[in-house]
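S.K.: Starting off with a structure, shown below.
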Amino acid sequence: MAARMMNMNMQRPCSSRPVGAPRRPGVTGGVTSPGSRMVVPVAAATSEAPPSYTKGYISRLTPQERRRSRRYRDARSSTFGKDRELGPEEAVALMKEHANAKFDESVEAHLRLNIDPKYNDQQLRATVGLPAGTGQTVRVAVLCPDEMADAAKAAGAVMAGADDIIAEIEGGNMEFDKLVATPDMMPKAAKLGRVLGPRGLMPNPKAGTVTPDVVAAVAEFQGGKVEFRADKQGIVHVLCGKSSFTQEDLLQNIKAIVDAIEANRPTGAKGVYWKTGYICTTMGPSVRLDIAALKAME
């Protein structure tokens, strides 16, 4: 085998180019095209870029920026990113200024807390009623005794009942956004865990969806009550309105969310509780929020 390789190497033509000399006159480097020994000239590092790379600004963008639209990049250039915290009024005004999509964008708050949810005493899950509502239509189903079904439907529930509702859910009817149940119906609802659990629809006392007063629960969820919880990184993501809301309504909703997170502070949270807070619209860049200034608002 060694002799064969030696013979093959001896049969290859040797280049007459001296060591260190350029491949072609006036070209300082090159790359070999696939499937060929032809060397394609490449401009030197000290020379100007080829004309094909200078006809637009796309070539000067990072790979992450290229995945964004021009509208987003233009908006991002004036929102300061992570470098500067803005006061509540200025942050909401700047966010609304760049909410220029062709639909009514949702407004979200993303709040990072100094907690580790893998410990039981540092988990956060609660509900808050938004003063200005969410701007969305919430479909509420009620699992309750048959004698309470008429009152629940009169309050605005899309479906209400006992065994018939369980049968519909088992059959695949999931045309609702929230499921409220009375405490005495929870044993029957346990068999729906495999269907409702992955969708986040299983009634839970911490989420306010297990209550004896289903009429009040339906009115609260349709009026703007939302559930929030911290994810594995200790970040709370919660909907706080629409971009068409006035600045005062959005400030009221964000203030209510911050106050609710503060009121439900886990017992295991030590030291600085708030890390960072951002607000953004569905298609717009995020704006960093001054949490201390927001908490000080009346």
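Ordering of the structure tokens sets the chain letters (A, B, ...), residue numbers begin anew at 1 in every chain, and ligands are numbered from 1 in the order given.
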A:Ser106: which residues within 8 Å, counting only C-alpha atoms, same-chain residues fewer than 5 positions away excluded, as a ChimeraX atom specification?
M.R.: /A:239-243,281-282
S.K.: Identify which of the residues A:Ile169, A:Val238, A:Arg112, A:Asn264 lies closest to A:Ala189, counting only C-alpha atoms when measuring atom-to-atom distances.
M.R.: A:Ile169
S.K.: Of the residues A:Leu196, A:Val215, A:Ala269, A:Val226, which is the one nearest to A:Ala154, using only C-alpha atoms?
M.R.: A:Val215
S.K.: Where in stretch 59-297 of chain A does DSSP assign strand (DSSP E or B), given as JSON, numbers by chain?
M.R.: {"A": [86, 106, 107, 108, 109, 110, 111, 112, 113, 125, 126, 127, 128, 129, 140, 141, 142, 143, 159, 160, 161, 178, 179, 180, 181, 210, 225, 226, 227, 228, 229, 230, 235, 236, 237, 238, 239, 240, 241, 242, 274, 275, 276, 277, 278, 279, 280, 281, 287, 288, 289]}
S.K.: Skip A:Met174 itself and residues of its chain fewer than 2 positions away, then list as a PDB file with all heavy atoms, in the first residue's frame all residues within 12 Å of it, counting only C-alpha atoms.
M.R.:
```pdb
ATOM      1  N   ARG A 139     -63.410  32.979  26.150  1.00  0.00           N
ATOM      2  CA  ARG A 139     -64.508  32.005  26.205  1.00  0.00           C
ATOM      3  C   ARG A 139     -64.329  31.143  27.443  1.00  0.00           C
ATOM      4  O   ARG A 139     -63.309  30.481  27.607  1.00  0.00           O
ATOM      5  CB  ARG A 139     -64.510  31.140  24.950  1.00  0.00           C
ATOM      6  CG  ARG A 139     -64.674  31.918  23.639  1.00  0.00           C
ATOM      7  CD  ARG A 139     -64.394  31.034  22.442  1.00  0.00           C
ATOM      8  NE  ARG A 139     -63.026  30.514  22.486  1.00  0.00           N
ATOM      9  CZ  ARG A 139     -62.542  29.627  21.621  1.00  0.00           C
ATOM     10  NH1 ARG A 139     -63.320  29.148  20.658  1.00  0.00           N
ATOM     11  NH2 ARG A 139     -61.297  29.219  21.723  1.00  0.00           N
ATOM     12  N   VAL A 140     -65.325  31.159  28.314  1.00  0.00           N
ATOM     13  CA  VAL A 140     -65.248  30.453  29.593  1.00  0.00           C
ATOM     14  C   VAL A 140     -66.263  29.317  29.595  1.00  0.00           C
ATOM     15  O   VAL A 140     -67.443  29.520  29.299  1.00  0.00           O
ATOM     16  CB  VAL A 140     -65.514  31.404  30.777  1.00  0.00           C
ATOM     17  CG1 VAL A 140     -65.350  30.662  32.107  1.00  0.00           C
ATOM     18  CG2 VAL A 140     -64.564  32.598  30.722  1.00  0.00           C
ATOM     19  N   ALA A 141     -65.801  28.123  29.933  1.00  0.00           N
ATOM     20  CA  ALA A 141     -66.675  26.966  30.147  1.00  0.00           C
ATOM     21  C   ALA A 141     -66.729  26.672  31.639  1.00  0.00           C
ATOM     22  O   ALA A 141     -65.745  26.893  32.355  1.00  0.00           O
ATOM     23  CB  ALA A 141     -66.160  25.753  29.382  1.00  0.00           C
ATOM     24  N   VAL A 158     -69.812  29.982  27.749  1.00  0.00           N
ATOM     25  CA  VAL A 158     -70.171  29.413  26.450  1.00  0.00           C
ATOM     26  C   VAL A 158     -70.764  28.024  26.601  1.00  0.00           C
ATOM     27  O   VAL A 158     -71.516  27.573  25.736  1.00  0.00           O
ATOM     28  CB  VAL A 158     -68.939  29.363  25.527  1.00  0.00           C
ATOM     29  CG1 VAL A 158     -68.460  30.762  25.191  1.00  0.00           C
ATOM     30  CG2 VAL A 158     -67.806  28.556  26.152  1.00  0.00           C
ATOM     31  N   MET A 159     -70.433  27.334  27.668  1.00  0.00           N
ATOM     32  CA  MET A 159     -70.996  26.018  27.946  1.00  0.00           C
ATOM     33  C   MET A 159     -70.911  25.777  29.446  1.00  0.00           C
ATOM     34  O   MET A 159     -69.949  26.194  30.106  1.00  0.00           O
ATOM     35  CB  MET A 159     -70.266  24.915  27.174  1.00  0.00           C
ATOM     36  CG  MET A 159     -68.763  24.953  27.302  1.00  0.00           C
ATOM     37  SD  MET A 159     -67.860  23.931  26.113  1.00  0.00           S
ATOM     38  CE  MET A 159     -68.417  22.302  26.552  1.00  0.00           C
ATOM     39  N   ILE A 165     -70.849  18.051  29.926  1.00  0.00           N
ATOM     40  CA  ILE A 165     -69.667  18.835  29.563  1.00  0.00           C
ATOM     41  C   ILE A 165     -68.424  17.946  29.560  1.00  0.00           C
ATOM     42  O   ILE A 165     -67.556  18.052  28.681  1.00  0.00           O
ATOM     43  CB  ILE A 165     -69.492  20.014  30.535  1.00  0.00           C
ATOM     44  CG1 ILE A 165     -70.730  20.923  30.478  1.00  0.00           C
ATOM     45  CG2 ILE A 165     -68.226  20.796  30.205  1.00  0.00           C
ATOM     46  CD1 ILE A 165     -70.978  21.529  29.118  1.00  0.00           C
ATOM     47  N   ILE A 166     -68.348  17.040  30.531  1.00  0.00           N
ATOM     48  CA  ILE A 166     -67.207  16.114  30.566  1.00  0.00           C
ATOM     49  C   ILE A 166     -67.191  15.236  29.318  1.00  0.00           C
ATOM     50  O   ILE A 166     -66.135  14.991  28.728  1.00  0.00           O
ATOM     51  CB  ILE A 166     -67.270  15.262  31.855  1.00  0.00           C
ATOM     52  CG1 ILE A 166     -67.080  16.154  33.086  1.00  0.00           C
ATOM     53  CG2 ILE A 166     -66.216  14.163  31.827  1.00  0.00           C
ATOM     54  CD1 ILE A 166     -67.203  15.410  34.404  1.00  0.00           C
ATOM     55  N   ALA A 167     -68.364  14.779  28.902  1.00  0.00           N
ATOM     56  CA  ALA A 167     -68.440  13.945  27.706  1.00  0.00           C
ATOM     57  C   ALA A 167     -68.031  14.736  26.456  1.00  0.00           C
ATOM     58  O   ALA A 167     -67.346  14.210  25.571  1.00  0.00           O
ATOM     59  CB  ALA A 167     -69.857  13.391  27.550  1.00  0.00           C
ATOM     60  N   GLU A 168     -68.428  16.002  26.381  1.00  0.00           N
ATOM     61  CA  GLU A 168     -68.054  16.814  25.224  1.00  0.00           C
ATOM     62  C   GLU A 168     -66.547  17.039  25.167  1.00  0.00           C
ATOM     63  O   GLU A 168     -65.935  16.988  24.098  1.00  0.00           O
ATOM     64  CB  GLU A 168     -68.786  18.158  25.278  1.00  0.00           C
ATOM     65  CG  GLU A 168     -70.273  18.076  24.984  1.00  0.00           C
ATOM     66  CD  GLU A 168     -70.903  19.447  24.865  1.00  0.00           C
ATOM     67  OE1 GLU A 168     -70.159  20.388  24.512  1.00  0.00           O
ATOM     68  OE2 GLU A 168     -72.108  19.571  25.128  1.00  0.00           O
ATOM     69  N   ILE A 169     -65.933  17.286  26.330  1.00  0.00           N
ATOM     70  CA  ILE A 169     -64.482  17.505  26.352  1.00  0.00           C
ATOM     71  C   ILE A 169     -63.750  16.220  25.972  1.00  0.00           C
ATOM     72  O   ILE A 169     -62.758  16.238  25.235  1.00  0.00           O
ATOM     73  CB  ILE A 169     -64.047  18.009  27.738  1.00  0.00           C
ATOM     74  CG1 ILE A 169     -64.665  19.388  28.023  1.00  0.00           C
ATOM     75  CG2 ILE A 169     -62.524  18.078  27.841  1.00  0.00           C
ATOM     76  CD1 ILE A 169     -64.380  19.915  29.406  1.00  0.00           C
ATOM     77  N   GLU A 170     -64.223  15.087  26.467  1.00  0.00           N
ATOM     78  CA  GLU A 170     -63.610  13.811  26.091  1.00  0.00           C
ATOM     79  C   GLU A 170     -63.763  13.542  24.598  1.00  0.00           C
ATOM     80  O   GLU A 170     -62.902  12.896  23.986  1.00  0.00           O
ATOM     81  CB  GLU A 170     -64.239  12.681  26.904  1.00  0.00           C
ATOM     82  CG  GLU A 170     -63.830  12.677  28.374  1.00  0.00           C
ATOM     83  CD  GLU A 170     -64.499  11.546  29.140  1.00  0.00           C
ATOM     84  OE1 GLU A 170     -65.588  11.086  28.698  1.00  0.00           O
ATOM     85  OE2 GLU A 170     -63.946  11.117  30.169  1.00  0.00           O
ATOM     86  N   GLY A 171     -64.846  14.061  24.008  1.00  0.00           N
ATOM     87  CA  GLY A 171     -65.070  13.868  22.588  1.00  0.00           C
ATOM     88  C   GLY A 171     -64.286  14.816  21.696  1.00  0.00           C
ATOM     89  O   GLY A 171     -64.361  14.707  20.477  1.00  0.00           O
ATOM     90  N   GLY A 172     -63.557  15.755  22.309  1.00  0.00           N
ATOM     91  CA  GLY A 172     -62.717  16.653  21.535  1.00  0.00           C
ATOM     92  C   GLY A 172     -63.218  18.074  21.424  1.00  0.00           C
ATOM     93  O   GLY A 172     -62.615  18.880  20.700  1.00  0.00           O
ATOM     94  N   PHE A 176     -63.064  26.571  24.090  1.00  0.00           N
ATOM     95  CA  PHE A 176     -63.088  27.505  25.219  1.00  0.00           C
ATOM     96  C   PHE A 176     -61.653  27.826  25.601  1.00  0.00           C
ATOM     97  O   PHE A 176     -60.717  27.091  25.278  1.00  0.00           O
ATOM     98  CB  PHE A 176     -63.861  26.917  26.409  1.00  0.00           C
ATOM     99  CG  PHE A 176     -63.374  25.573  26.864  1.00  0.00           C
ATOM    100  CD1 PHE A 176     -62.338  25.453  27.787  1.00  0.00           C
ATOM    101  CD2 PHE A 176     -63.946  24.409  26.370  1.00  0.00           C
ATOM    102  CE1 PHE A 176     -61.882  24.216  28.199  1.00  0.00           C
ATOM    103  CE2 PHE A 176     -63.498  23.150  26.779  1.00  0.00           C
ATOM    104  CZ  PHE A 176     -62.463  23.055  27.696  1.00  0.00           C
ATOM    105  N   ASP A 177     -61.477  28.964  26.296  1.00  0.00           N
ATOM    106  CA  ASP A 177     -60.158  29.437  26.706  1.00  0.00           C
ATOM    107  C   ASP A 177     -59.893  29.211  28.191  1.00  0.00           C
ATOM    108  O   ASP A 177     -58.736  29.146  28.609  1.00  0.00           O
ATOM    109  CB  ASP A 177     -60.011  30.933  26.396  1.00  0.00           C
ATOM    110  CG  ASP A 177     -60.249  31.234  24.925  1.00  0.00           C
ATOM    111  OD1 ASP A 177     -59.633  30.551  24.090  1.00  0.00           O
ATOM    112  OD2 ASP A 177     -61.047  32.144  24.621  1.00  0.00           O
ATOM    113  N   LYS A 178     -60.942  29.134  28.983  1.00  0.00           N
ATOM    114  CA  LYS A 178     -60.815  28.890  30.418  1.00  0.00           C
ATOM    115  C   LYS A 178     -61.881  27.884  30.834  1.00  0.00           C
ATOM    116  O   LYS A 178     -62.993  27.883  30.312  1.00  0.00           O
ATOM    117  CB  LYS A 178     -61.015  30.186  31.227  1.00  0.00           C
ATOM    118  CG  LYS A 178     -59.908  31.217  31.065  1.00  0.00           C
ATOM    119  CD  LYS A 178     -58.650  30.788  31.795  1.00  0.00           C
ATOM    120  CE  LYS A 178     -57.563  31.846  31.682  1.00  0.00           C
ATOM    121  NZ  LYS A 178     -56.321  31.436  32.386  1.00  0.00           N
ATOM    122  N   LEU A 179     -61.512  27.019  31.791  1.00  0.00           N
ATOM    123  CA  LEU A 179     -62.468  26.067  32.353  1.00  0.00           C
ATOM    124  C   LEU A 179     -62.542  26.297  33.852  1.00  0.00           C
ATOM    125  O   LEU A 179     -61.548  26.138  34.564  1.00  0.00           O
ATOM    126  CB  LEU A 179     -62.037  24.625  32.061  1.00  0.00           C
ATOM    127  CG  LEU A 179     -62.948  23.538  32.637  1.00  0.00           C
ATOM    128  CD1 LEU A 179     -64.349  23.634  32.028  1.00  0.00           C
ATOM    129  CD2 LEU A 179     -62.379  22.142  32.373  1.00  0.00           C
ATOM    130  N   LEU A 192     -59.976  14.122  33.177  1.00  0.00           N
ATOM    131  CA  LEU A 192     -59.707  14.972  32.016  1.00  0.00           C
ATOM    132  C   LEU A 192     -58.287  15.538  32.049  1.00  0.00           C
ATOM    133  O   LEU A 192     -57.939  16.356  31.195  1.00  0.00           O
ATOM    134  CB  LEU A 192     -60.708  16.139  31.967  1.00  0.00           C
ATOM    135  CG  LEU A 192     -62.191  15.779  31.859  1.00  0.00           C
ATOM    136  CD1 LEU A 192     -63.042  17.034  31.934  1.00  0.00           C
ATOM    137  CD2 LEU A 192     -62.467  15.018  30.568  1.00  0.00           C
ATOM    138  N   VAL A 195     -56.145  15.385  28.919  1.00  0.00           N
ATOM    139  CA  VAL A 195     -56.599  16.220  27.810  1.00  0.00           C
ATOM    140  C   VAL A 195     -56.377  17.697  28.120  1.00  0.00           C
ATOM    141  O   VAL A 195     -55.894  18.464  27.275  1.00  0.00           O
ATOM    142  CB  VAL A 195     -58.096  15.957  27.525  1.00  0.00           C
ATOM    143  CG1 VAL A 195     -58.592  16.850  26.390  1.00  0.00           C
ATOM    144  CG2 VAL A 195     -58.316  14.489  27.196  1.00  0.00           C
ATOM    145  N   LEU A 196     -56.696  18.113  29.344  1.00  0.00           N
ATOM    146  CA  LEU A 196     -56.632  19.526  29.700  1.00  0.00           C
ATOM    147  C   LEU A 196     -55.250  19.950  30.172  1.00  0.00           C
ATOM    148  O   LEU A 196     -54.862  21.107  29.975  1.00  0.00           O
ATOM    149  CB  LEU A 196     -57.658  19.827  30.803  1.00  0.00           C
ATOM    150  CG  LEU A 196     -59.125  19.556  30.462  1.00  0.00           C
ATOM    151  CD1 LEU A 196     -59.997  19.804  31.679  1.00  0.00           C
ATOM    152  CD2 LEU A 196     -59.583  20.427  29.300  1.00  0.00           C
ATOM    153  N   ARG A 199     -52.692  21.491  27.686  1.00  0.00           N
ATOM    154  CA  ARG A 199     -53.167  22.769  27.141  1.00  0.00           C
ATOM    155  C   ARG A 199     -53.234  23.861  28.202  1.00  0.00           C
ATOM    156  O   ARG A 199     -53.597  24.998  27.905  1.00  0.00           O
ATOM    157  CB  ARG A 199     -54.552  22.587  26.508  1.00  0.00           C
ATOM    158  CG  ARG A 199     -54.554  21.684  25.294  1.00  0.00           C
ATOM    159  CD  ARG A 199     -55.973  21.465  24.806  1.00  0.00           C
ATOM    160  NE  ARG A 199     -56.031  20.767  23.527  1.00  0.00           N
ATOM    161  CZ  ARG A 199     -55.952  19.454  23.369  1.00  0.00           C
ATOM    162  NH1 ARG A 199     -55.814  18.678  24.448  1.00  0.00           N
ATOM    163  NH2 ARG A 199     -56.003  18.900  22.173  1.00  0.00           N
ATOM    164  N   GLY A 200     -52.934  23.538  29.440  1.00  0.00           N
ATOM    165  CA  GLY A 200     -53.000  24.518  30.519  1.00  0.00           C
ATOM    166  C   GLY A 200     -54.411  24.905  30.909  1.00  0.00           C
ATOM    167  O   GLY A 200     -54.637  26.001  31.428  1.00  0.00           O
ATOM    168  N   LEU A 201     -55.378  24.009  30.688  1.00  0.00           N
ATOM    169  CA  LEU A 201     -56.778  24.315  30.959  1.00  0.00           C
ATOM    170  C   LEU A 201     -57.326  23.602  32.183  1.00  0.00           C
ATOM    171  O   LEU A 201     -58.496  23.788  32.524  1.00  0.00           O
ATOM    172  CB  LEU A 201     -57.635  23.947  29.735  1.00  0.00           C
ATOM    173  CG  LEU A 201     -57.352  24.724  28.450  1.00  0.00           C
ATOM    174  CD1 LEU A 201     -58.185  24.157  27.311  1.00  0.00           C
ATOM    175  CD2 LEU A 201     -57.641  26.204  28.633  1.00  0.00           C
ATOM    176  N   MET A 202     -56.515  22.805  32.848  1.00  0.00           N
ATOM    177  CA  MET A 202     -56.997  22.081  34.022  1.00  0.00           C
ATOM    178  C   MET A 202     -57.304  23.066  35.148  1.00  0.00           C
ATOM    179  O   MET A 202     -56.476  23.908  35.494  1.00  0.00           O
ATOM    180  CB  MET A 202     -55.933  21.081  34.482  1.00  0.00           C
ATOM    181  CG  MET A 202     -56.438  20.111  35.531  1.00  0.00           C
ATOM    182  SD  MET A 202     -57.702  18.991  34.860  1.00  0.00           S
ATOM    183  CE  MET A 202     -58.174  18.079  36.318  1.00  0.00           C
TER     184      MET A 202
END
```
S.K.: When you look at A:Lys270 with a cut-off of 10 Å (counting only C-alpha atoms), what residues show up, excluding the ones that are within fewer than 4 positions of it in the same chain? I need them as number ranges by chain.
M.R.: A: 114-115, 122, 265-266
S.K.: Restricting the calculation to only C-alpha atoms: of A:Ala99, A:Met148, A:Val287, A:Leu111, which residue gets closest to A:Phe228?
M.R.: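 Once distances to A:Phe228 are computed over only C-alpha atoms, the minimum belongs to A:Leu111.
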S.K.: Can you work out the spacing between atom CA of A:Thr276 and atom CA of A:Ala292 in Å, to one decimal?
M.R.: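 Taking atom CA of A:Thr276 as the start and atom CA of A:Ala292 as the end point, the length is 10.2 Å.
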S.K.: Using only C-alpha atoms, pick whichever of A:Ala230, A:Ala260, A:Ile291, A:Met283 has the shortest atom-to-atom distance to A:Gln123.
M.R.: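 Closest to A:Gln123 of all the choices is A:Ala230.
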